[in-house]
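Trainee: Sharing a structure with you now.
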Number of protein chains: 2
Amino acid sequence: MKIARVLFRGAEHYGIIEGAQIRLLEGPPFEQIAPTRKRVSMADVRLLPPTRPVNFYGVGFNYPSHLAQASATSGQDIPTMPRPWHKGVGSMIGPDEAIVIPPEARAVHYEGELVVVISKLSRRVTPEQARHNILGYTCGNDVSEKGSWESEGTMWRAKGTDTFGPVGPWIETEMDPHNQVLTVRLNGKEEHRANTSEMIHKVHELVSYMSQFTTLFPGDLILTGAAGTTKAMRPGDVVEVEITDIGVLRNPVRAET
Amino acid sequence: MKIARVLFRGAEHYGIIEGAQIRLLEGPPFEQIAPTRKRVSMADVRLLPPTRPVNFYGVGFNYPSHLAQASATSGQDIPTMPRPWHKGVGSMIGPDEAIVIPPEARAVHYEGELVVVISKLSRRVTPEQARHNILGYTCGNDVSEKGSWESEGTMWRAKGTDTFGPVGPWIETEMDPHNQVLTVRLNGKEEHRANTSEMIHKVHELVSYMSQFTTLFPGDLILTGAAGTTKAMRPGDVVEVEITDIGVLRNPVRAET
């Protein structure tokens with residue numbers, strides 16, 4: 001099932017996508033998924049980031065094909081444990097919203113990633129319990145300044161600048177997170193293709209590990225890492241992140257004026 | 001004026017402290033401060049962290065007296081620009097709540113700091129505008145694992161572990177943030193004393209700088225950096241952070257069971 005958060009007549013709703021319609025839910029889909037009888041046309045809603053999380057996490061170094069680039073850029077050794085970090089919640093944008101490049105930024109790269117959506121308060125859960133605390137998955141673009149900001153360790157702005165966190169278009173609740181083709185396209189041209197089976201730390205292991213120290217909250221989002229090499233985006237570009245069973249997250253890129 | 005967020009009869013309220021009483025506000029104090037006629041005894045409320053922020057920021061390397069220790073621990077060069085970073089919002093606790101040390105942690109230090117409380121949406125504000133976007137100040141303890149976690153760069157758990165973010169006891173709206181004595185006591189013994197006049201980046205400069213890249217939201221909290229050297233806390237300890245015009249933030253320390 002595909003669950004979206006949408007703006008309809010000025011109010012936020014969650015709903016289940018049914019073809020060209022969306023069936024609204026009574027509330028957030030974390031405790032229970034309670035459909036109403038109200039269906040509205042997808043043409044009449046605007047897709048929002050699929051949750052409003054307490055925490056928006058990223059995880060570094062999770063695909064072998066990305067390690068070489070990451071290591072060369074950051075000068076860091078490759079860790080054997082997952083490396084979670086906080087991406088600013090304020091950086092989140094939804095599908096079709098513009099990634100806005102500030103004049104101070106250099107080399108702003110896309111990073112197409114699978115995103116885990118947490119459904120239940122999670123603290124000290126085992127990997128097996130963690131499977132039941134995941135609502136589903138969405139697409140994410142961990143937009144990252146690969147120039148001076150990242151090399152200086154200023155992750156706060158390298159990855160947390162306003163609009164650097166596109167997520168969406170919706171949450172797929174029934175899919176195998178470790179057998180998905182993850183494709184990134186720039187202006188319609190395929191730039192990279194990976195399979196989520198390549199992940200070093202699997203999604204339920206990540207959730208379990210992170211929950212050993214920090215409580216994960218319903219709606220929290222975890223970007224699970226980029227694969228391969230990435231490339232800079234320029235104003236005027238359109239970037240797409242596609243994951244087989246989810247769909248396409250598409251965002252235009254423009255310069256800040 | 002001192003503004004607290006409190007739990008009274010199971011519901012959250014903001015209020016103005018008037019001696020042994022607190023006068024409840026109609027809502028959050030960010031847009032306007034609207035007192036009701038209702039006063040309740042401080043003995044009947046529990047103090048909560050003074051806001052529920054979208055972002056809980058820290059700023060590294062902001063006191064000359066802390067630079068030597070920080071540099072030695074992290075191996076990083078001392079930057080000339082402020083170094084903001086995200087502290088997990090889930091780490092927040094209020095006055096008198098316990099700092100809980102997980103069994104995996106080694107060398108968990110206090111870091112007593114002045115905390116800025118944002119009142120208005122702030123994006124690309126000048127230092128002069130930033131002065132008007134600060135509601136006030138509170139005390140914070142940027143509890144930090146100084147062992148392997150911090151040296152490995154796993155800030156997420158070194159500083160974001162549950163209970164590692166005590167803040168409070170309330171917000172002081174009328175004070176000079178750059179002429180305050182900042183004292184840290186462990187079990188009643190003064191461990192460190194500094195003056196906030198030693199800050200390298202002043203509070204309105206920090207807010208302006210951060211707002212160049214990320215929107216700051218009403219209620220956002222910014223820890224402005226530790227002074228001097230810090231020391232490990234142990235289960236059974238009581239740690240206090242005192243700032244002249246604000247008051248004392250006191251938290252017991254215990255081991256996770």
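A note on labels: chains of the structure tokens are A, B, ... as shown, every chain counts residues from 1, and ligands are counted from 1 in their shown order.
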Quick one: which residues from chain A are at most 10 Å off chain B, using only C-alpha atoms, as number ranges by chain?

Mentor: A: 53-57, 76-77, 79, 81-91, 101-102, 104-105, 123, 152-158, 160-164, 210-217

Trainee: Could you write out the selected residues, including N, CA and C atoms, as a short mmCIF file (atom, residue, chain, number, x, y, z; two decimals), in the first residue's frame?

Mentor:
```cif
data_model
loop_
_atom_site.label_atom_id
_atom_site.label_comp_id
_atom_site.auth_asym_id
_atom_site.auth_seq_id
_atom_site.Cartn_x
_atom_site.Cartn_y
_atom_site.Cartn_z
N PRO A 53 9.06 14.50 10.68
CA PRO A 53 9.78 13.71 11.69
C PRO A 53 10.33 14.55 12.84
N VAL A 54 10.55 13.88 13.97
CA VAL A 54 11.33 14.50 15.04
C VAL A 54 12.79 14.54 14.61
N ASN A 55 13.27 13.40 14.05
CA ASN A 55 14.66 13.31 13.61
C ASN A 55 14.73 12.85 12.16
N PHE A 56 15.65 13.44 11.42
CA PHE A 56 15.90 13.08 10.03
C PHE A 56 17.36 12.63 10.04
N TYR A 57 17.57 11.33 9.99
CA TYR A 57 18.92 10.79 10.11
C TYR A 57 19.50 10.41 8.73
N GLN A 76 38.41 10.42 5.88
CA GLN A 76 38.15 9.55 7.03
C GLN A 76 38.44 8.10 6.69
N ASP A 77 38.80 7.33 7.70
CA ASP A 77 38.88 5.89 7.54
C ASP A 77 37.46 5.34 7.40
N PRO A 79 34.63 3.18 8.56
CA PRO A 79 34.27 2.53 9.81
C PRO A 79 33.57 1.20 9.57
N MET A 81 31.33 0.11 11.87
CA MET A 81 29.99 0.31 12.44
C MET A 81 29.24 1.32 11.58
N PRO A 82 27.91 1.30 11.65
CA PRO A 82 27.16 2.34 10.93
C PRO A 82 27.54 3.72 11.48
N ARG A 83 27.44 4.72 10.65
CA ARG A 83 27.76 6.09 11.07
C ARG A 83 26.56 7.02 10.89
N PRO A 84 25.59 6.94 11.82
CA PRO A 84 24.44 7.84 11.71
C PRO A 84 24.84 9.30 11.96
N TRP A 85 24.06 10.20 11.44
CA TRP A 85 24.25 11.64 11.69
C TRP A 85 22.90 12.31 11.47
N HIS A 86 22.80 13.55 11.95
CA HIS A 86 21.54 14.29 11.86
C HIS A 86 21.53 15.19 10.63
N LYS A 87 20.52 15.03 9.80
CA LYS A 87 20.27 15.98 8.71
C LYS A 87 19.19 16.94 9.23
N GLY A 88 19.38 18.23 9.05
CA GLY A 88 18.42 19.21 9.58
C GLY A 88 17.01 18.94 9.07
N VAL A 89 16.06 18.86 10.01
CA VAL A 89 14.67 18.63 9.63
C VAL A 89 14.17 19.76 8.72
N GLY A 90 14.68 20.95 8.94
CA GLY A 90 14.27 22.10 8.13
C GLY A 90 14.71 22.02 6.68
N SER A 91 15.57 21.07 6.35
CA SER A 91 16.03 20.94 4.95
C SER A 91 15.03 20.18 4.09
N ILE A 101 20.12 26.29 -4.63
CA ILE A 101 21.55 26.34 -4.35
C ILE A 101 21.95 27.76 -3.93
N PRO A 102 22.45 27.93 -2.69
CA PRO A 102 22.85 29.27 -2.25
C PRO A 102 24.09 29.74 -3.02
N GLU A 104 26.75 30.88 -1.97
CA GLU A 104 28.00 30.51 -1.28
C GLU A 104 28.42 29.06 -1.57
N ALA A 105 27.51 28.23 -2.11
CA ALA A 105 27.79 26.79 -2.24
C ALA A 105 28.59 26.48 -3.49
N ARG A 123 13.38 1.79 21.28
CA ARG A 123 14.54 1.97 22.17
C ARG A 123 15.01 0.60 22.59
N GLU A 152 35.44 20.51 5.36
CA GLU A 152 35.67 21.18 6.66
C GLU A 152 34.91 20.53 7.80
N GLY A 153 34.06 19.57 7.45
CA GLY A 153 33.29 18.92 8.50
C GLY A 153 32.07 19.70 8.93
N THR A 154 31.66 20.69 8.15
CA THR A 154 30.47 21.47 8.50
C THR A 154 29.24 20.80 7.88
N MET A 155 28.97 19.57 8.36
CA MET A 155 27.83 18.78 7.89
C MET A 155 26.53 19.55 8.02
N TRP A 156 26.47 20.35 9.09
CA TRP A 156 25.28 21.16 9.36
C TRP A 156 24.81 21.89 8.10
N ARG A 157 25.72 22.53 7.38
CA ARG A 157 25.25 23.21 6.16
C ARG A 157 25.53 22.39 4.92
N ALA A 158 26.59 21.55 4.93
CA ALA A 158 26.89 20.73 3.75
C ALA A 158 25.68 19.87 3.39
N GLY A 160 22.56 20.11 5.53
CA GLY A 160 21.35 20.59 6.20
C GLY A 160 20.83 21.92 5.70
N THR A 161 21.46 22.51 4.68
CA THR A 161 20.96 23.76 4.11
C THR A 161 19.51 23.59 3.67
N ASP A 162 18.71 24.63 3.84
CA ASP A 162 17.30 24.60 3.42
C ASP A 162 17.18 24.01 2.01
N THR A 163 16.24 23.13 1.82
CA THR A 163 15.89 22.45 0.54
C THR A 163 16.85 21.30 0.19
N PHE A 164 17.85 21.01 1.02
CA PHE A 164 18.81 19.94 0.68
C PHE A 164 18.29 18.55 1.10
N MET A 210 20.78 1.96 16.06
CA MET A 210 20.54 3.35 16.46
C MET A 210 19.70 3.40 17.74
N SER A 211 18.78 2.43 17.88
CA SER A 211 17.89 2.44 19.05
C SER A 211 18.62 2.04 20.34
N GLN A 212 19.84 1.57 20.25
CA GLN A 212 20.60 1.25 21.47
C GLN A 212 20.95 2.51 22.25
N PHE A 213 20.98 3.66 21.56
CA PHE A 213 21.41 4.89 22.22
C PHE A 213 20.37 6.00 22.18
N THR A 214 19.60 6.04 21.10
CA THR A 214 18.63 7.12 20.95
C THR A 214 17.26 6.54 20.66
N THR A 215 16.25 7.10 21.28
CA THR A 215 14.88 6.69 20.99
C THR A 215 14.52 7.15 19.58
N LEU A 216 14.00 6.22 18.78
CA LEU A 216 13.47 6.59 17.46
C LEU A 216 11.97 6.81 17.62
N PHE A 217 11.46 7.85 16.96
CA PHE A 217 10.07 8.27 17.13
C PHE A 217 9.24 7.92 15.89
#
```

Trainee: Can you pull out every residue within 12 Å of Met1 (chain B), counting only C-alpha atoms, but drop anything in the same chain fewer than 6 positions away, and send it as number ranges by chain?

Mentor: B: 15-19, 22-23, 29, 33, 135-137, 170-175, 245-246

Trainee: Would you output that residue set with C-alpha atoms, as an mmCIF file, in the first residue's frame?

Mentor:
```
data_model
loop_
_atom_site.group_PDB
_atom_site.id
_atom_site.type_symbol
_atom_site.label_atom_id
_atom_site.label_comp_id
_atom_site.auth_asym_id
_atom_site.auth_seq_id
_atom_site.Cartn_x
_atom_site.Cartn_y
_atom_site.Cartn_z
ATOM 1 C CA GLY B 15 3.981 30.578 32.206
ATOM 2 C CA ILE B 16 5.719 33.600 33.733
ATOM 3 C CA ILE B 17 7.382 32.949 37.069
ATOM 4 C CA GLU B 18 6.186 35.325 39.807
ATOM 5 C CA GLY B 19 7.973 34.353 42.998
ATOM 6 C CA ILE B 22 3.630 30.812 37.880
ATOM 7 C CA ARG B 23 1.150 32.792 35.806
ATOM 8 C CA PRO B 29 5.637 32.804 23.987
ATOM 9 C CA ILE B 33 3.459 36.735 25.372
ATOM 10 C CA LEU B 135 13.392 35.344 23.021
ATOM 11 C CA GLY B 136 15.966 34.840 25.753
ATOM 12 C CA TYR B 137 18.448 32.450 27.315
ATOM 13 C CA TRP B 170 13.476 28.482 32.359
ATOM 14 C CA ILE B 171 14.044 31.267 29.841
ATOM 15 C CA GLU B 172 15.316 34.654 31.053
ATOM 16 C CA THR B 173 14.206 37.282 28.535
ATOM 17 C CA GLU B 174 16.035 40.324 29.938
ATOM 18 C CA MET B 175 19.750 39.882 30.400
ATOM 19 C CA ASP B 245 20.728 36.047 35.694
ATOM 20 C CA ILE B 246 19.035 32.726 34.856
#
```

Trainee: How many Å lie between CA of Ile200 (chain A) and CA of Val59 (chain A), rounded to one decimal?

Mentor: 11.0 Å

Trainee: One decimal, in Å: what's the spacing between CA of Glu240 (chain A) and CA of Gly60 (chain A)?

Mentor: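 These atoms are spaced 20.9 Å apart.
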
Trainee: Just list as an MDAnalysis selection string whatever in region 32-178 of chain A DSSP marks as strand (DSSP E).

Mentor: chainID A and resid 35:41 46:47 56:60 83:86 92:93 99:101 108:109 112:118 134:141 144:145 165:172

Trainee: Please, which residues of region 15-135 of chain A, numbered as in this document, come out alpha helix (DSSP H) from DSSP, as JSON, numbers by chain?

Mentor: {"A": [64, 65, 66, 67, 68, 69, 70, 71, 72, 73, 74, 127, 128, 129, 130, 131]}

Trainee: Tell me, as a short mmCIF file (atom, residue, chain, number, x, y, z; two decimals) with C-alpha atoms, in the first residue's frame, which residues lie within 7 Å of Pro35 (chain B), counting only C-alpha atoms; anything in the same chain fewer than 3 positions away does not count.

Mentor:
```
data_model
loop_
_atom_site.label_atom_id
_atom_site.label_comp_id
_atom_site.auth_asym_id
_atom_site.auth_seq_id
_atom_site.Cartn_x
_atom_site.Cartn_y
_atom_site.Cartn_z
CA ARG B 23 1.15 32.79 35.81
CA LEU B 24 0.06 30.68 32.86
CA LEU B 25 0.22 31.99 29.28
CA GLU B 26 -2.44 31.48 26.62
#
```

Trainee: So the first atom is CA of His132 (chain A) and the second is CA of Pro177 (chain A); what is the distance between them in Å, to one decimal place?

Mentor: 13.5 Å

Trainee: Compile the contact shell of Glu128 (chain A) as an NGL selection string: residues with an atom at most 9 Å away, counting only C-alpha atoms, same-chain residues fewer than 4 positions apart removed.

Mentor: :A and (132 or 204-205 or 208)

Trainee: Store the residues picked out above, limited to N, CA and C atoms, as a PDB file, in the first residue's frame.

Mentor:
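Saved result, result-v8.pdb, follows:
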```pdb
ATOM      1  N   HIS A 132       9.334  -4.843  12.887  1.00  0.00           N
ATOM      2  CA  HIS A 132       7.932  -4.499  13.158  1.00  0.00           C
ATOM      3  C   HIS A 132       7.757  -3.013  13.473  1.00  0.00           C
ATOM      4  N   HIS A 204      16.955  -3.235   9.147  1.00  0.00           N
ATOM      5  CA  HIS A 204      16.539  -3.589  10.514  1.00  0.00           C
ATOM      6  C   HIS A 204      17.742  -3.599  11.461  1.00  0.00           C
ATOM      7  N   GLU A 205      18.941  -3.845  10.919  1.00  0.00           N
ATOM      8  CA  GLU A 205      20.154  -3.747  11.737  1.00  0.00           C
ATOM      9  C   GLU A 205      20.436  -2.282  12.092  1.00  0.00           C
ATOM     10  N   SER A 208      17.903  -1.175  14.774  1.00  0.00           N
ATOM     11  CA  SER A 208      18.267  -1.773  16.062  1.00  0.00           C
ATOM     12  C   SER A 208      19.486  -1.070  16.653  1.00  0.00           C
TER      13      SER A 208
END
```

Trainee: Looking at A:Leu7, A:Ala34, A:Val100, A:Ala232, which one is nearest to Thr257 (chain A), with distances taken over only C-alpha atoms?

Mentor: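 When distances to Thr257 (chain A) are compared using only C-alpha atoms, the smallest one comes from A:Val100.
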
Trainee: Hey, which of A:Thr229, A:Thr183, A:Thr51, A:Asn141 ends up closest to Ile99 (chain A)? Count only C-alpha atoms.

Mentor: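 For Ile99 (chain A), the nearest of the given residues is A:Asn141.
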